[in-house]
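Colleague: This is the structure, below, for whatever I ask next.
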Amino acid sequence: MTQTPASSSSAASPTSPASESEAASAAVPPTPVHWKLVIDAADPHAQADFWAAALHYTAEDNAALIERLLETGALPGAATVEFHGRSAFRDLIAVRHPDDPYDPDSGTGLGRRLLFQRVPEAKTAKNRLHLDLHPGARRRAEEVARLTALGASVLREVKEPSGEWVVMADPEGNEFCVQ
């Protein structure tokens, strides 16, 4: 697309639909993309409990949605379990930041989320993606101890010119780092 400099005398010149669209999109800041990190798990509910405690997040409550789906026959009862005294999907559950918005009709978070989905195969190799936890200045040892008490394990301590951190594994062996 060729652009020519605008002059003050060309205010009445017609614009193409493409340039109108470009001008409109340039004037409106882009909306952030909604995302969630999906993590394969043998036991999604145990993983949700661990990561909710590790991050001080909240396990999503999808009970109202599940009950509606069960009532309409859109979801078989075998696809559900009881989790902390409420109906939950058998093969997936998410945790969300407690301050982020969520849909009250479905219980689904609309912000920072981790979704754990059941898969039949076990973890067999190093993660291609992992979380780095930043507990704050001089709190690494305390956080590592807290996470170990929750069921994580220390894999190694790293001390390099670029920094120091502890590589840990969650209860299913997924690596993460504590800075």
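Residue numbering restarts at 1 for every chain of the structure tokens, chains are lettered A, B, ... in their displayed order, and ligands are numbered from 1 as they appear.
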Taking the chain letters and numbering used in this document, name the residues of region 13-178 of chain A that DSSP puts in alpha helix (DSSP H), as number ranges by chain.
Modeller: A: 17-27, 44-55, 63-72, 140-150
Colleague: Would you kindly return, as a list in words, each protein, DNA or RNA residue with an atom no farther than 10 Å from any atom of region 77-89 of chain A, considering only C-alpha atoms and excluding same-chain residues fewer than 6 positions away?
Modeller: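 Final neighbour list, sorted by chain and number: Pro44, His45, Ala46, Ala59, Glu60, Asp61, Asn62, Ala63, Ala64, Leu65, Ile66, Glu67, Leu69, Leu70, Glu71 and Gln117 of chain A.
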Colleague: For Leu147 (chain A), find every residue with an atom within 8 Å (counting only C-alpha atoms), except residues of its own chain fewer than 5 positions away, and show them as a compact mmCIF listing (two decimals) with C-alpha atoms, in the first residue's frame.
Modeller:
```
# COMPACT_ATOMS: atom_id res chain seq x y z
CA ALA A 54 1.64 -23.53 45.46
CA ALA A 152 7.16 -31.09 45.33
CA SER A 153 10.73 -32.34 45.22
```
Colleague: List as number ranges by chain the protein and nucleic acid residues near Arg68 (chain A), meaning an atom at most 10 Å away when only C-alpha atoms are counted, but skip any in the same chain fewer than 5 places from it.
Modeller: A: 63, 73-75, 105-106
Colleague: Selected residues, N, CA, C and O atoms, written as a PDB file, in the first residue's frame, please.
Modeller:
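Final file, selection.pdb:
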```pdb
ATOM      1  N   ALA A  63     -19.465 -26.586  39.221  1.00  0.00           N
ATOM      2  CA  ALA A  63     -20.599 -27.420  39.618  1.00  0.00           C
ATOM      3  C   ALA A  63     -21.912 -26.987  38.967  1.00  0.00           C
ATOM      4  O   ALA A  63     -22.685 -27.838  38.518  1.00  0.00           O
ATOM      5  N   GLY A  73     -28.765 -33.857  29.676  1.00  0.00           N
ATOM      6  CA  GLY A  73     -28.258 -35.069  29.041  1.00  0.00           C
ATOM      7  C   GLY A  73     -27.037 -34.826  28.166  1.00  0.00           C
ATOM      8  O   GLY A  73     -26.610 -35.714  27.438  1.00  0.00           O
ATOM      9  N   ALA A  74     -26.472 -33.629  28.222  1.00  0.00           N
ATOM     10  CA  ALA A  74     -25.306 -33.301  27.400  1.00  0.00           C
ATOM     11  C   ALA A  74     -24.007 -33.852  27.978  1.00  0.00           C
ATOM     12  O   ALA A  74     -22.991 -33.862  27.299  1.00  0.00           O
ATOM     13  N   LEU A  75     -24.060 -34.305  29.226  1.00  0.00           N
ATOM     14  CA  LEU A  75     -22.875 -34.839  29.897  1.00  0.00           C
ATOM     15  C   LEU A  75     -23.289 -36.085  30.657  1.00  0.00           C
ATOM     16  O   LEU A  75     -24.206 -36.035  31.474  1.00  0.00           O
ATOM     17  N   ASP A 105     -21.795 -18.139  35.720  1.00  0.00           N
ATOM     18  CA  ASP A 105     -22.678 -19.199  35.208  1.00  0.00           C
ATOM     19  C   ASP A 105     -21.941 -20.520  34.999  1.00  0.00           C
ATOM     20  O   ASP A 105     -22.537 -21.582  35.090  1.00  0.00           O
ATOM     21  N   SER A 106     -20.649 -20.447  34.690  1.00  0.00           N
ATOM     22  CA  SER A 106     -19.900 -21.677  34.434  1.00  0.00           C
ATOM     23  C   SER A 106     -18.797 -21.919  35.459  1.00  0.00           C
ATOM     24  O   SER A 106     -18.287 -23.036  35.541  1.00  0.00           O
TER      25      SER A 106
END
```
Colleague: Can you tell me, as a PDB file with all heavy atoms, in the first residue's frame, what residues are no more than 7 Å from Phe176 (chain A) when counting only C-alpha atoms, ignoring any on the same chain fewer than 2 positions away?
Modeller:
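Output file out02.pdb is given in full below:
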```
ATOM      1  N   HIS A 130       7.826 -24.425  31.241  1.00  0.00           N
ATOM      2  CA  HIS A 130       7.709 -24.576  32.690  1.00  0.00           C
ATOM      3  C   HIS A 130       7.407 -23.226  33.332  1.00  0.00           C
ATOM      4  O   HIS A 130       7.564 -22.181  32.712  1.00  0.00           O
ATOM      5  CB  HIS A 130       8.961 -25.211  33.299  1.00  0.00           C
ATOM      6  CG  HIS A 130      10.173 -24.327  33.260  1.00  0.00           C
ATOM      7  ND1 HIS A 130      11.079 -24.362  32.229  1.00  0.00           N
ATOM      8  CD2 HIS A 130      10.622 -23.387  34.123  1.00  0.00           C
ATOM      9  CE1 HIS A 130      12.036 -23.478  32.457  1.00  0.00           C
ATOM     10  NE2 HIS A 130      11.785 -22.868  33.610  1.00  0.00           N
ATOM     11  N   LEU A 131       6.968 -23.283  34.571  1.00  0.00           N
ATOM     12  CA  LEU A 131       6.695 -22.078  35.348  1.00  0.00           C
ATOM     13  C   LEU A 131       7.932 -21.698  36.152  1.00  0.00           C
ATOM     14  O   LEU A 131       8.628 -22.571  36.663  1.00  0.00           O
ATOM     15  CB  LEU A 131       5.535 -22.311  36.316  1.00  0.00           C
ATOM     16  CG  LEU A 131       4.170 -22.634  35.721  1.00  0.00           C
ATOM     17  CD1 LEU A 131       3.180 -22.916  36.839  1.00  0.00           C
ATOM     18  CD2 LEU A 131       3.682 -21.504  34.844  1.00  0.00           C
ATOM     19  N   ASP A 132       8.170 -20.410  36.271  1.00  0.00           N
ATOM     20  CA  ASP A 132       9.165 -19.870  37.198  1.00  0.00           C
ATOM     21  C   ASP A 132       8.388 -19.153  38.288  1.00  0.00           C
ATOM     22  O   ASP A 132       7.582 -18.267  37.988  1.00  0.00           O
ATOM     23  CB  ASP A 132      10.085 -18.861  36.503  1.00  0.00           C
ATOM     24  CG  ASP A 132      11.185 -19.510  35.684  1.00  0.00           C
ATOM     25  OD1 ASP A 132      11.338 -20.737  35.754  1.00  0.00           O
ATOM     26  OD2 ASP A 132      11.886 -18.774  34.976  1.00  0.00           O
ATOM     27  N   VAL A 167      15.606 -25.821  40.906  1.00  0.00           N
ATOM     28  CA  VAL A 167      14.767 -26.573  39.984  1.00  0.00           C
ATOM     29  C   VAL A 167      14.025 -27.614  40.813  1.00  0.00           C
ATOM     30  O   VAL A 167      14.641 -28.391  41.550  1.00  0.00           O
ATOM     31  CB  VAL A 167      15.588 -27.250  38.867  1.00  0.00           C
ATOM     32  CG1 VAL A 167      14.687 -28.044  37.930  1.00  0.00           C
ATOM     33  CG2 VAL A 167      16.409 -26.215  38.100  1.00  0.00           C
ATOM     34  N   MET A 168      12.706 -27.609  40.688  1.00  0.00           N
ATOM     35  CA  MET A 168      11.865 -28.525  41.458  1.00  0.00           C
ATOM     36  C   MET A 168      10.969 -29.305  40.512  1.00  0.00           C
ATOM     37  O   MET A 168      10.880 -28.993  39.320  1.00  0.00           O
ATOM     38  CB  MET A 168      11.014 -27.746  42.468  1.00  0.00           C
ATOM     39  CG  MET A 168      11.841 -26.937  43.462  1.00  0.00           C
ATOM     40  SD  MET A 168      10.838 -26.196  44.766  1.00  0.00           S
ATOM     41  CE  MET A 168      10.512 -27.651  45.792  1.00  0.00           C
ATOM     42  N   ALA A 169      10.285 -30.311  41.058  1.00  0.00           N
ATOM     43  CA  ALA A 169       9.297 -31.075  40.300  1.00  0.00           C
ATOM     44  C   ALA A 169       8.017 -31.146  41.119  1.00  0.00           C
ATOM     45  O   ALA A 169       8.064 -31.307  42.347  1.00  0.00           O
ATOM     46  CB  ALA A 169       9.807 -32.491  40.011  1.00  0.00           C
ATOM     47  N   ASN A 174       6.607 -32.759  36.820  1.00  0.00           N
ATOM     48  CA  ASN A 174       6.753 -31.601  35.940  1.00  0.00           C
ATOM     49  C   ASN A 174       7.689 -30.592  36.587  1.00  0.00           C
ATOM     50  O   ASN A 174       7.476 -30.180  37.727  1.00  0.00           O
ATOM     51  CB  ASN A 174       5.400 -30.942  35.677  1.00  0.00           C
ATOM     52  CG  ASN A 174       4.438 -31.898  35.023  1.00  0.00           C
ATOM     53  OD1 ASN A 174       4.708 -32.426  33.955  1.00  0.00           O
ATOM     54  ND2 ASN A 174       3.305 -32.126  35.679  1.00  0.00           N
ATOM     55  N   VAL A 178      12.168 -22.088  41.146  1.00  0.00           N
ATOM     56  CA  VAL A 178      11.908 -21.081  42.174  1.00  0.00           C
ATOM     57  C   VAL A 178      13.112 -20.148  42.156  1.00  0.00           C
ATOM     58  O   VAL A 178      14.239 -20.566  42.424  1.00  0.00           O
ATOM     59  CB  VAL A 178      11.705 -21.716  43.572  1.00  0.00           C
ATOM     60  CG1 VAL A 178      11.438 -20.627  44.604  1.00  0.00           C
ATOM     61  CG2 VAL A 178      10.569 -22.722  43.534  1.00  0.00           C
TER      62      VAL A 178
END
```
Colleague: May I ask for the distance between CA of Val158 (chain A) and CA of Gly136 (chain A), given in Å to one decimal place?
Modeller: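 CA of Val158 (chain A) sits 17.3 Å away from CA of Gly136 (chain A).
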Colleague: If you count only C-alpha atoms, which residues fall within 8 Å of region 121-128 of chain A, apart from same-chain ones fewer than 5 positions away, as number ranges by chain?
Modeller: A: 41-42, 172-175
Colleague: Based on the selection just made, write C-alpha atoms of those residues as a tab-separated table (two decimals), in the first residue's frame.
Modeller:
```tsv
chain	number	residue	atom	x	y	z
A	41	ALA	CA	-1.78	-35.02	34.21
A	42	ALA	CA	-2.46	-38.53	35.44
A	172	GLU	CA	3.81	-35.76	38.81
A	173	GLY	CA	7.39	-34.81	37.92
A	174	ASN	CA	6.75	-31.60	35.94
A	175	GLU	CA	9.73	-29.29	36.41
```
Colleague: Write out as a ChimeraX atom specification the set of residues from region 25-69 of chain A that DSSP, computed on the backbone, places in strand (DSSP E).
Modeller: /A:37-41,58-59
Colleague: Within 7 Å of Gly111 (chain A), counting only C-alpha atoms, which residues qualify if same-chain residues fewer than 3 places away don't, as a PyMOL selection string?
Modeller: chain A and resi 34+100-101
Colleague: Here is a test: counting only C-alpha atoms, which residue of A:Pro120, A:Pro76, A:Pro171, A:Pro30 is nearest to Leu150 (chain A)?
Modeller: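 Result for the nearest residue to Leu150 (chain A): A:Pro171.
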Colleague: Can you tell me how far CA of Val38 (chain A) sits from CA of Ala137 (chain A), in Å to one decimal?
Modeller: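 Here the two named atoms are 28.9 Å from each other.
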Colleague: Could you tell me which of A:Arg118, A:Lys159, A:His97, A:His56 comes closest to Asp40 (chain A) if we count only C-alpha atoms?
Modeller: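 Looking only at the distances to Asp40 (chain A), the closest residue turns out to be A:Arg118.
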